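Source file coords-v1.cif; content: mmCIF, C-alpha atoms, pLDDT in the B column; chains and numbers go by the auth columns.
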```
data_query
#
loop_
_atom_site.group_PDB
_atom_site.id
_atom_site.type_symbol
_atom_site.label_atom_id
_atom_site.label_comp_id
_atom_site.label_asym_id
_atom_site.label_seq_id
_atom_site.Cartn_x
_atom_site.Cartn_y
_atom_site.Cartn_z
_atom_site.B_iso_or_equiv
_atom_site.auth_seq_id
_atom_site.auth_asym_id
ATOM 1 C CA MET A 1 -64.368 -32.264 -44.276 49.00 1 A
ATOM 2 C CA ARG A 2 -66.021 -33.951 -41.315 59.00 2 A
ATOM 3 C CA THR A 3 -63.650 -36.914 -41.458 75.00 3 A
ATOM 4 C CA ARG A 4 -60.637 -34.617 -41.203 85.00 4 A
ATOM 5 C CA GLU A 5 -61.991 -32.828 -38.145 88.00 5 A
ATOM 6 C CA PRO A 6 -59.831 -34.858 -35.682 91.00 6 A
ATOM 7 C CA MET A 7 -56.683 -33.781 -37.536 94.00 7 A
ATOM 8 C CA TRP A 8 -57.637 -30.093 -37.416 95.00 8 A
ATOM 9 C CA TRP A 9 -58.658 -30.463 -33.796 94.00 9 A
ATOM 10 C CA ALA A 10 -55.280 -32.039 -32.932 95.00 10 A
ATOM 11 C CA LEU A 11 -53.434 -29.135 -34.579 96.00 11 A
ATOM 12 C CA PHE A 12 -55.764 -26.703 -32.780 96.00 12 A
ATOM 13 C CA SER A 13 -55.025 -28.405 -29.503 95.00 13 A
ATOM 14 C CA VAL A 14 -51.237 -28.547 -29.889 97.00 14 A
ATOM 15 C CA GLY A 15 -51.157 -24.985 -31.236 97.00 15 A
ATOM 16 C CA GLY A 16 -53.249 -23.740 -28.333 97.00 16 A
ATOM 17 C CA THR A 17 -50.858 -25.360 -25.878 97.00 17 A
ATOM 18 C CA VAL A 18 -47.776 -23.916 -27.595 98.00 18 A
ATOM 19 C CA ALA A 19 -49.346 -20.433 -27.691 98.00 19 A
ATOM 20 C CA ALA A 20 -50.444 -20.675 -24.060 98.00 20 A
ATOM 21 C CA PHE A 21 -46.964 -21.676 -22.872 98.00 21 A
ATOM 22 C CA LEU A 22 -44.856 -19.352 -25.036 98.00 22 A
ATOM 23 C CA PHE A 23 -46.796 -16.289 -26.155 98.00 23 A
ATOM 24 C CA PRO A 24 -47.370 -14.406 -22.881 98.00 24 A
ATOM 25 C CA ALA A 25 -43.608 -14.583 -22.189 98.00 25 A
ATOM 26 C CA LEU A 26 -42.658 -13.671 -25.776 98.00 26 A
ATOM 27 C CA ILE A 27 -45.054 -10.699 -25.698 98.00 27 A
ATOM 28 C CA LEU A 28 -43.295 -9.515 -22.522 98.00 28 A
ATOM 29 C CA VAL A 29 -39.988 -9.811 -24.413 98.00 29 A
ATOM 30 C CA THR A 30 -41.013 -7.930 -27.572 98.00 30 A
ATOM 31 C CA GLY A 31 -43.365 -5.470 -25.864 97.00 31 A
ATOM 32 C CA LEU A 32 -41.613 -4.714 -22.576 97.00 32 A
ATOM 33 C CA ALA A 33 -38.074 -6.105 -22.227 97.00 33 A
ATOM 34 C CA VAL A 34 -36.825 -4.821 -25.600 97.00 34 A
ATOM 35 C CA PRO A 35 -38.547 -1.380 -25.681 97.00 35 A
ATOM 36 C CA SER A 36 -37.358 -0.697 -22.109 96.00 36 A
ATOM 37 C CA GLY A 37 -33.800 -1.595 -23.095 95.00 37 A
ATOM 38 C CA TRP A 38 -33.465 -4.531 -20.680 97.00 38 A
ATOM 39 C CA ILE A 39 -32.866 -6.753 -23.710 97.00 39 A
ATOM 40 C CA PRO A 40 -31.026 -4.983 -26.572 97.00 40 A
ATOM 41 C CA ALA A 41 -32.848 -5.201 -29.919 97.00 41 A
ATOM 42 C CA THR A 42 -29.599 -5.862 -31.786 96.00 42 A
ATOM 43 C CA GLY A 43 -28.841 -8.750 -29.431 97.00 43 A
ATOM 44 C CA LEU A 44 -32.308 -10.228 -29.964 98.00 44 A
ATOM 45 C CA TYR A 45 -31.912 -9.866 -33.721 97.00 45 A
ATOM 46 C CA ASP A 46 -28.629 -11.798 -33.593 97.00 46 A
ATOM 47 C CA PHE A 47 -30.175 -14.459 -31.330 97.00 47 A
ATOM 48 C CA VAL A 48 -33.044 -15.177 -33.725 96.00 48 A
ATOM 49 C CA GLN A 49 -30.506 -15.880 -36.479 95.00 49 A
ATOM 50 C CA HIS A 50 -29.486 -19.028 -34.573 95.00 50 A
ATOM 51 C CA PRO A 51 -30.869 -22.235 -36.169 95.00 51 A
ATOM 52 C CA LEU A 52 -32.153 -23.578 -32.843 96.00 52 A
ATOM 53 C CA ALA A 53 -33.998 -20.342 -32.037 96.00 53 A
ATOM 54 C CA ARG A 54 -35.484 -20.477 -35.561 96.00 54 A
ATOM 55 C CA LEU A 55 -36.599 -24.077 -35.139 97.00 55 A
ATOM 56 C CA VAL A 56 -38.437 -23.191 -31.916 97.00 56 A
ATOM 57 C CA LEU A 57 -39.949 -20.127 -33.613 97.00 57 A
ATOM 58 C CA PHE A 58 -41.122 -22.245 -36.554 97.00 58 A
ATOM 59 C CA PHE A 59 -43.264 -24.389 -34.249 98.00 59 A
ATOM 60 C CA GLY A 60 -44.113 -21.304 -32.196 98.00 60 A
ATOM 61 C CA ILE A 61 -45.570 -19.600 -35.273 98.00 61 A
ATOM 62 C CA SER A 62 -47.019 -22.418 -37.372 98.00 62 A
ATOM 63 C CA LEU A 63 -48.900 -24.368 -34.692 98.00 63 A
ATOM 64 C CA PRO A 64 -50.611 -21.313 -33.135 98.00 64 A
ATOM 65 C CA LEU A 65 -51.713 -20.344 -36.677 98.00 65 A
ATOM 66 C CA PHE A 66 -53.592 -23.657 -36.881 98.00 66 A
ATOM 67 C CA HIS A 67 -55.028 -23.037 -33.430 98.00 67 A
ATOM 68 C CA GLY A 68 -56.268 -19.622 -34.549 98.00 68 A
ATOM 69 C CA ALA A 69 -57.598 -20.911 -37.877 98.00 69 A
ATOM 70 C CA HIS A 70 -59.688 -23.633 -36.235 97.00 70 A
ATOM 71 C CA ARG A 71 -61.137 -21.387 -33.557 97.00 71 A
ATOM 72 C CA ILE A 72 -61.821 -18.468 -35.906 97.00 72 A
ATOM 73 C CA ARG A 73 -63.582 -20.860 -38.292 96.00 73 A
ATOM 74 C CA HIS A 74 -65.891 -22.223 -35.602 96.00 74 A
ATOM 75 C CA THR A 75 -66.461 -18.828 -33.981 96.00 75 A
ATOM 76 C CA LEU A 76 -67.511 -17.252 -37.295 95.00 76 A
ATOM 77 C CA ALA A 77 -69.794 -20.234 -37.940 94.00 77 A
ATOM 78 C CA GLU A 78 -71.359 -19.743 -34.506 91.00 78 A
ATOM 79 C CA MET A 79 -71.803 -16.057 -35.195 91.00 79 A
ATOM 80 C CA GLY A 80 -74.307 -16.758 -37.952 88.00 80 A
ATOM 81 C CA MET A 81 -72.154 -18.096 -40.799 89.00 81 A
ATOM 82 C CA GLN A 82 -73.009 -21.755 -40.233 88.00 82 A
ATOM 83 C CA GLN A 83 -74.196 -22.194 -43.828 89.00 83 A
ATOM 84 C CA HIS A 84 -70.744 -21.078 -45.054 92.00 84 A
ATOM 85 C CA ASP A 85 -68.836 -23.459 -42.767 91.00 85 A
ATOM 86 C CA ARG A 86 -67.150 -25.303 -45.613 93.00 86 A
ATOM 87 C CA LYS A 87 -65.914 -22.094 -47.227 95.00 87 A
ATOM 88 C CA LEU A 88 -64.772 -20.803 -43.828 95.00 88 A
ATOM 89 C CA ALA A 89 -62.890 -24.036 -43.179 95.00 89 A
ATOM 90 C CA ILE A 90 -61.074 -23.887 -46.516 96.00 90 A
ATOM 91 C CA LEU A 91 -60.233 -20.200 -46.056 97.00 91 A
ATOM 92 C CA CYS A 92 -58.970 -20.558 -42.463 97.00 92 A
ATOM 93 C CA TYR A 93 -56.940 -23.747 -42.904 97.00 93 A
ATOM 94 C CA ALA A 94 -55.513 -22.532 -46.223 98.00 94 A
ATOM 95 C CA GLY A 95 -54.409 -19.393 -44.385 97.00 95 A
ATOM 96 C CA ALA A 96 -52.660 -21.449 -41.707 98.00 96 A
ATOM 97 C CA ILE A 97 -50.996 -23.649 -44.336 98.00 97 A
ATOM 98 C CA LEU A 98 -49.847 -20.552 -46.264 98.00 98 A
ATOM 99 C CA GLY A 99 -48.501 -19.055 -43.033 97.00 99 A
ATOM 100 C CA THR A 100 -46.627 -22.272 -42.349 98.00 100 A
ATOM 101 C CA LEU A 101 -45.091 -22.259 -45.846 97.00 101 A
ATOM 102 C CA ALA A 102 -44.189 -18.587 -45.416 97.00 102 A
ATOM 103 C CA SER A 103 -42.523 -19.311 -42.080 97.00 103 A
ATOM 104 C CA VAL A 104 -40.514 -22.180 -43.609 97.00 104 A
ATOM 105 C CA TRP A 105 -39.346 -19.841 -46.358 96.00 105 A
ATOM 106 C CA ILE A 106 -38.572 -16.949 -44.030 96.00 106 A
ATOM 107 C CA LEU A 107 -36.886 -19.012 -41.324 94.00 107 A
ATOM 108 C CA ALA A 108 -34.832 -21.140 -43.696 90.00 108 A
ATOM 109 C CA TRP A 109 -33.795 -18.611 -46.336 85.00 109 A
ATOM 110 C CA ARG A 110 -33.972 -15.143 -44.813 74.00 110 A
ATOM 111 C CA MET B 1 -90.491 -44.662 -24.938 38.00 1 B
ATOM 112 C CA SER B 2 -89.971 -43.189 -28.402 40.00 2 B
ATOM 113 C CA MET B 3 -92.208 -40.295 -27.426 41.00 3 B
ATOM 114 C CA THR B 4 -89.470 -39.032 -25.118 43.00 4 B
ATOM 115 C CA GLN B 5 -86.900 -38.836 -27.914 44.00 5 B
ATOM 116 C CA PRO B 6 -87.140 -35.449 -29.574 47.00 6 B
ATOM 117 C CA HIS B 7 -85.981 -36.412 -33.045 46.00 7 B
ATOM 118 C CA ALA B 8 -87.466 -39.865 -33.202 42.00 8 B
ATOM 119 C CA ASN B 9 -89.589 -39.024 -36.251 43.00 9 B
ATOM 120 C CA CYS B 10 -86.765 -37.593 -38.339 46.00 10 B
ATOM 121 C CA GLN B 11 -84.512 -40.496 -37.407 47.00 11 B
ATOM 122 C CA ALA B 12 -87.106 -43.065 -38.449 47.00 12 B
ATOM 123 C CA SER B 13 -87.790 -41.482 -41.830 46.00 13 B
ATOM 124 C CA ARG B 14 -84.080 -41.195 -42.592 50.00 14 B
ATOM 125 C CA GLU B 15 -83.524 -44.844 -41.795 53.00 15 B
ATOM 126 C CA ALA B 16 -86.508 -45.847 -43.909 53.00 16 B
ATOM 127 C CA GLY B 17 -84.691 -44.625 -47.011 56.00 17 B
ATOM 128 C CA GLY B 18 -85.978 -41.076 -46.945 54.00 18 B
ATOM 129 C CA GLU B 19 -87.881 -40.952 -50.189 66.00 19 B
ATOM 130 C CA GLU B 20 -89.001 -37.436 -49.434 73.00 20 B
ATOM 131 C CA PRO B 21 -86.808 -35.512 -47.002 79.00 21 B
ATOM 132 C CA VAL B 22 -88.629 -34.490 -43.851 86.00 22 B
ATOM 133 C CA PRO B 23 -88.369 -30.719 -43.478 87.00 23 B
ATOM 134 C CA THR B 24 -86.649 -30.021 -40.207 87.00 24 B
ATOM 135 C CA TYR B 25 -87.362 -26.801 -38.381 88.00 25 B
ATOM 136 C CA HIS B 26 -84.353 -24.853 -37.170 80.00 26 B
ATOM 137 C CA ARG B 27 -85.192 -22.160 -34.684 84.00 27 B
ATOM 138 C CA PRO B 28 -83.546 -18.997 -36.011 82.00 28 B
ATOM 139 C CA VAL B 29 -80.598 -17.998 -33.828 84.00 29 B
ATOM 140 C CA PRO B 30 -79.573 -14.342 -34.044 87.00 30 B
ATOM 141 C CA ALA B 31 -75.862 -13.725 -34.669 86.00 31 B
ATOM 142 C CA THR B 32 -75.760 -11.847 -31.352 89.00 32 B
ATOM 143 C CA TRP B 33 -76.994 -14.822 -29.245 92.00 33 B
ATOM 144 C CA TRP B 34 -73.783 -14.688 -27.188 91.00 34 B
ATOM 145 C CA LEU B 35 -74.611 -11.190 -25.884 91.00 35 B
ATOM 146 C CA GLU B 36 -77.622 -12.545 -24.013 89.00 36 B
ATOM 147 C CA ARG B 37 -75.939 -14.074 -20.960 91.00 37 B
ATOM 148 C CA GLY B 38 -72.764 -13.516 -18.938 91.00 38 B
ATOM 149 C CA PRO B 39 -71.275 -16.998 -19.463 92.00 39 B
ATOM 150 C CA TYR B 40 -71.899 -16.722 -23.222 94.00 40 B
ATOM 151 C CA ARG B 41 -69.997 -13.436 -23.275 95.00 41 B
ATOM 152 C CA TRP B 42 -67.010 -14.970 -21.435 95.00 42 B
ATOM 153 C CA TYR B 43 -67.135 -17.901 -23.839 96.00 43 B
ATOM 154 C CA MET B 44 -67.050 -15.554 -26.841 95.00 44 B
ATOM 155 C CA LEU B 45 -64.232 -13.537 -25.266 96.00 45 B
ATOM 156 C CA ARG B 46 -62.260 -16.776 -24.968 96.00 46 B
ATOM 157 C CA GLU B 47 -62.999 -17.672 -28.580 96.00 47 B
ATOM 158 C CA CYS B 48 -61.878 -14.199 -29.696 96.00 48 B
ATOM 159 C CA THR B 49 -58.456 -14.676 -28.077 97.00 49 B
ATOM 160 C CA SER B 50 -57.688 -16.812 -31.151 97.00 50 B
ATOM 161 C CA LEU B 51 -57.638 -13.639 -33.254 97.00 51 B
ATOM 162 C CA PHE B 52 -54.945 -12.157 -31.006 98.00 52 B
ATOM 163 C CA VAL B 53 -52.951 -15.400 -30.958 98.00 53 B
ATOM 164 C CA THR B 54 -53.037 -15.344 -34.778 98.00 54 B
ATOM 165 C CA LEU B 55 -52.043 -11.682 -34.968 98.00 55 B
ATOM 166 C CA TYR B 56 -49.071 -12.186 -32.654 98.00 56 B
ATOM 167 C CA ALA B 57 -47.908 -15.263 -34.597 98.00 57 B
ATOM 168 C CA LEU B 58 -48.016 -13.145 -37.782 98.00 58 B
ATOM 169 C CA PHE B 59 -46.163 -10.331 -35.981 98.00 59 B
ATOM 170 C CA LEU B 60 -43.385 -12.784 -35.071 98.00 60 B
ATOM 171 C CA LEU B 61 -43.277 -13.846 -38.720 97.00 61 B
ATOM 172 C CA VAL B 62 -42.897 -10.208 -39.828 97.00 62 B
ATOM 173 C CA LEU B 63 -40.120 -9.652 -37.260 97.00 63 B
ATOM 174 C CA LEU B 64 -38.221 -12.615 -38.700 96.00 64 B
ATOM 175 C CA ALA B 65 -38.737 -11.508 -42.292 96.00 65 B
ATOM 176 C CA VAL B 66 -37.334 -7.972 -41.962 96.00 66 B
ATOM 177 C CA GLY B 67 -33.767 -6.733 -41.788 95.00 67 B
ATOM 178 C CA PRO B 68 -32.040 -5.475 -38.624 96.00 68 B
ATOM 179 C CA GLU B 69 -33.015 -1.789 -39.078 97.00 69 B
ATOM 180 C CA THR B 70 -36.724 -2.520 -39.537 97.00 70 B
ATOM 181 C CA PHE B 71 -36.531 -5.082 -36.704 97.00 71 B
ATOM 182 C CA GLU B 72 -35.299 -2.422 -34.283 97.00 72 B
ATOM 183 C CA ALA B 73 -37.667 0.220 -35.649 97.00 73 B
ATOM 184 C CA LEU B 74 -40.685 -2.062 -35.186 97.00 74 B
ATOM 185 C CA LEU B 75 -39.809 -2.964 -31.607 97.00 75 B
ATOM 186 C CA SER B 76 -39.348 0.685 -30.624 96.00 76 B
ATOM 187 C CA ASN B 77 -42.395 2.010 -32.498 97.00 77 B
ATOM 188 C CA PRO B 78 -44.787 3.469 -29.861 97.00 78 B
ATOM 189 C CA VAL B 79 -47.891 2.161 -31.618 98.00 79 B
ATOM 190 C CA VAL B 80 -46.433 -1.349 -31.832 98.00 80 B
ATOM 191 C CA VAL B 81 -45.374 -1.204 -28.172 98.00 81 B
ATOM 192 C CA ALA B 82 -48.838 0.024 -27.088 98.00 82 B
ATOM 193 C CA LEU B 83 -50.585 -2.727 -29.084 98.00 83 B
ATOM 194 C CA HIS B 84 -48.657 -5.311 -27.066 98.00 84 B
ATOM 195 C CA LEU B 85 -50.829 -4.593 -23.994 98.00 85 B
ATOM 196 C CA PRO B 86 -54.242 -5.719 -25.353 98.00 86 B
ATOM 197 C CA VAL B 87 -52.536 -8.621 -27.133 98.00 87 B
ATOM 198 C CA TRP B 88 -50.856 -9.709 -23.883 98.00 88 B
ATOM 199 C CA VAL B 89 -54.142 -9.480 -21.957 98.00 89 B
ATOM 200 C CA MET B 90 -56.032 -11.554 -24.527 98.00 90 B
ATOM 201 C CA VAL B 91 -53.275 -14.141 -25.011 98.00 91 B
ATOM 202 C CA THR B 92 -52.875 -14.511 -21.239 98.00 92 B
ATOM 203 C CA TYR B 93 -56.646 -15.005 -20.991 98.00 93 B
ATOM 204 C CA HIS B 94 -56.270 -17.722 -23.611 98.00 94 B
ATOM 205 C CA GLY B 95 -53.605 -19.361 -21.423 97.00 95 B
ATOM 206 C CA LEU B 96 -55.725 -19.124 -18.259 97.00 96 B
ATOM 207 C CA THR B 97 -58.788 -20.681 -19.904 97.00 97 B
ATOM 208 C CA TRP B 98 -56.648 -23.240 -21.738 97.00 98 B
ATOM 209 C CA PHE B 99 -54.918 -24.635 -18.664 96.00 99 B
ATOM 210 C CA ARG B 100 -58.134 -24.475 -16.646 95.00 100 B
ATOM 211 C CA LEU B 101 -59.691 -26.855 -19.202 94.00 101 B
ATOM 212 C CA VAL B 102 -56.771 -29.306 -19.245 92.00 102 B
ATOM 213 C CA PRO B 103 -58.259 -31.562 -16.475 92.00 103 B
ATOM 214 C CA GLN B 104 -61.299 -32.119 -18.704 91.00 104 B
ATOM 215 C CA VAL B 105 -59.025 -33.493 -21.434 89.00 105 B
ATOM 216 C CA ILE B 106 -56.450 -35.293 -19.277 89.00 106 B
ATOM 217 C CA VAL B 107 -58.102 -37.615 -16.765 91.00 107 B
ATOM 218 C CA LEU B 108 -55.549 -39.497 -14.667 92.00 108 B
ATOM 219 C CA TRP B 109 -56.144 -42.363 -12.266 93.00 109 B
ATOM 220 C CA ARG B 110 -53.966 -43.653 -9.471 92.00 110 B
ATOM 221 C CA GLY B 111 -55.392 -47.109 -8.942 92.00 111 B
ATOM 222 C CA LYS B 112 -59.116 -46.528 -8.523 93.00 112 B
ATOM 223 C CA LYS B 113 -58.711 -42.974 -7.328 94.00 113 B
ATOM 224 C CA ARG B 114 -58.963 -40.115 -9.798 93.00 114 B
ATOM 225 C CA ILE B 115 -56.147 -37.592 -9.501 93.00 115 B
ATOM 226 C CA SER B 116 -57.657 -34.251 -8.537 93.00 116 B
ATOM 227 C CA PRO B 117 -58.491 -32.034 -11.554 92.00 117 B
ATOM 228 C CA ARG B 118 -57.237 -29.095 -9.493 93.00 118 B
ATOM 229 C CA LEU B 119 -53.857 -30.769 -9.078 94.00 119 B
ATOM 230 C CA ILE B 120 -53.579 -31.326 -12.855 94.00 120 B
ATOM 231 C CA ALA B 121 -54.583 -27.737 -13.634 95.00 121 B
ATOM 232 C CA GLY B 122 -52.285 -26.462 -10.866 95.00 122 B
ATOM 233 C CA ALA B 123 -49.347 -28.434 -12.260 96.00 123 B
ATOM 234 C CA HIS B 124 -49.954 -26.827 -15.654 96.00 124 B
ATOM 235 C CA PHE B 125 -50.156 -23.342 -14.172 97.00 125 B
ATOM 236 C CA ALA B 126 -46.882 -23.962 -12.316 97.00 126 B
ATOM 237 C CA ALA B 127 -45.264 -25.275 -15.513 97.00 127 B
ATOM 238 C CA TRP B 128 -46.595 -22.227 -17.385 98.00 128 B
ATOM 239 C CA GLY B 129 -44.901 -19.919 -14.872 98.00 129 B
ATOM 240 C CA ALA B 130 -41.641 -21.874 -15.011 98.00 130 B
ATOM 241 C CA VAL B 131 -41.613 -21.958 -18.837 98.00 131 B
ATOM 242 C CA SER B 132 -42.346 -18.224 -19.009 98.00 132 B
ATOM 243 C CA ILE B 133 -39.468 -17.352 -16.675 98.00 133 B
ATOM 244 C CA ALA B 134 -37.163 -19.758 -18.533 98.00 134 B
ATOM 245 C CA VAL B 135 -38.080 -18.266 -21.937 97.00 135 B
ATOM 246 C CA ILE B 136 -37.441 -14.708 -20.759 98.00 136 B
ATOM 247 C CA LEU B 137 -34.130 -15.640 -19.114 97.00 137 B
ATOM 248 C CA ILE B 138 -32.908 -17.679 -22.098 97.00 138 B
ATOM 249 C CA VAL B 139 -33.701 -14.796 -24.474 97.00 139 B
ATOM 250 C CA LYS B 140 -32.021 -12.358 -22.065 97.00 140 B
ATOM 251 C CA VAL B 141 -28.852 -14.452 -21.727 97.00 141 B
ATOM 252 C CA TYR B 142 -28.478 -15.124 -25.463 96.00 142 B
ATOM 253 C CA SER B 143 -29.355 -11.573 -26.582 95.00 143 B
ATOM 254 C CA ARG B 144 -26.409 -9.726 -25.073 87.00 144 B
ATOM 255 C CA GLY B 145 -25.711 -8.021 -28.397 64.00 145 B
#
```

Structure rendered as structure tokens:
Amino acid sequence: MRTREPMWWALFSVGGTVAAFLFPALILVTGLAVPSGWIPATGLYDFVQHPLARLVLFFGISLPLFHGAHRIRHTLAEMGMQQHDRKLAILCYAGAILGTLASVWILAWR
Amino acid sequence: MSMTQPHANCQASREAGGEEPVPTYHRPVPATWWLERGPYRWYMLRECTSLFVTLYALFLLVLLAVGPETFEALLSNPVVVALHLPVWVMVTYHGLTWFRLVPQVIVLWRGKKRISPRLIAGAHFAAWGAVSIAVILIVKVYSRG
């Protein structure tokens, strides 16, 4: 697992950057602009059917999942679960991979 | 000289083939070590933003999986709307700490002079603001309904 650390770290790093750039703005959209009526929910629903919007959302969902997985793994290890690090790693990264597969399925076929 | 190296003994025995493993003493660290000092608490707060980043990514996934009625119902549900506030605070804190650390990862030189870390961080903060405004405006323009 140690030899793959750079790969997980790269995904963590890219995912953290994507989340940092996009998420605060997207949270303002889904939590403020839409509920207040400034952006109509039906309009947003139609917009996210567009392939380009879906492509951006694929990277905007999958990469932050890897960011979260990596950081949650190391944070739990630091919080006294160091001896379970390998299990934590498998659980967290498998979760991110599953989330990525789910987002491919949802974005491509739903 | 070797006296000044803390793990010199362990190192030597490992290199010698380690016929019997030298028991190493690990000082027990309580799981709440991060509560002890202010900077540790801020560090742990930053690490915990990852939970909120993950939750919001999954929320986006749910929004894309459901039909139009559920989509609208979710975005107008008062509990869902209220939960956006703590998520926004934590994810924005992630962004602040993330871009503040960028100069430690990206070190740029102009000739023999290092480009100011503050300039690199500042450029990222400016880009963050521009991207945020662009995202909101693009969604607004293309979501006329």

Distance limit 6 Å, atoms considered: all atoms listed in the file. Which chain B residues sit that close to chain A? Return them as a PyMOL selection string.
chain B and resi 31+50+54+57+65+72+76+81+84+88+92+95+128+132+140+143-145

Please evaluate the PyMOL selection byres ((chain B and resi 125) around 12) against the structure above and give the resulting residues as a short mmCIF file (atom, residue, chain, number, x, y, z; two decimals) with C-alpha atoms, keeping the file's coordinate frame.
```cif
data_model
loop_
_atom_site.label_atom_id
_atom_site.label_comp_id
_atom_site.auth_asym_id
_atom_site.auth_seq_id
_atom_site.Cartn_x
_atom_site.Cartn_y
_atom_site.Cartn_z
CA THR A 17 -50.86 -25.36 -25.88
CA ALA A 20 -50.44 -20.68 -24.06
CA PHE A 21 -46.96 -21.68 -22.87
CA THR B 92 -52.88 -14.51 -21.24
CA GLY B 95 -53.60 -19.36 -21.42
CA LEU B 96 -55.72 -19.12 -18.26
CA THR B 97 -58.79 -20.68 -19.90
CA TRP B 98 -56.65 -23.24 -21.74
CA PHE B 99 -54.92 -24.64 -18.66
CA ARG B 100 -58.13 -24.48 -16.65
CA LEU B 101 -59.69 -26.86 -19.20
CA VAL B 102 -56.77 -29.31 -19.24
CA PRO B 103 -58.26 -31.56 -16.48
CA ARG B 118 -57.24 -29.10 -9.49
CA LEU B 119 -53.86 -30.77 -9.08
CA ILE B 120 -53.58 -31.33 -12.86
CA ALA B 121 -54.58 -27.74 -13.63
CA GLY B 122 -52.28 -26.46 -10.87
CA ALA B 123 -49.35 -28.43 -12.26
CA HIS B 124 -49.95 -26.83 -15.65
CA ALA B 126 -46.88 -23.96 -12.32
CA ALA B 127 -45.26 -25.28 -15.51
CA TRP B 128 -46.60 -22.23 -17.39
CA GLY B 129 -44.90 -19.92 -14.87
CA ALA B 130 -41.64 -21.87 -15.01
CA VAL B 131 -41.61 -21.96 -18.84
CA SER B 132 -42.35 -18.22 -19.01
#
```

One-decimal distance in Å that lies between CA of Val89 (chain B) and CA of Gln104 (chain B):
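That distance, rounded to one decimal, is 24.0 Å.
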
Would you compute the distance between CA of Val29 (chain B) and CA of Arg86 (chain A)? Give it in Å to one decimal.
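So the answer is 19.3 Å.
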
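Taking CA of Arg73 (chain A) and CA of Cys92 (chain A) as endpoints, the distance between them is 6.2 Å.
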
Between A:Gln83, A:Leu101, A:Tyr93, A:Pro51, which residue has the minimum interatomic distance to Met7 (chain A), considering only C-alpha atoms?
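Distance minimum relative to Met7 (chain A) lands on A:Tyr93.
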
Written as a ChimeraX atom specification, what is the full residue list that the PyMOL selection byres ((chain B and resi 25-28) around 12) yields on the file shown?
/A:80,82 /B:7,10,22-24,29-33
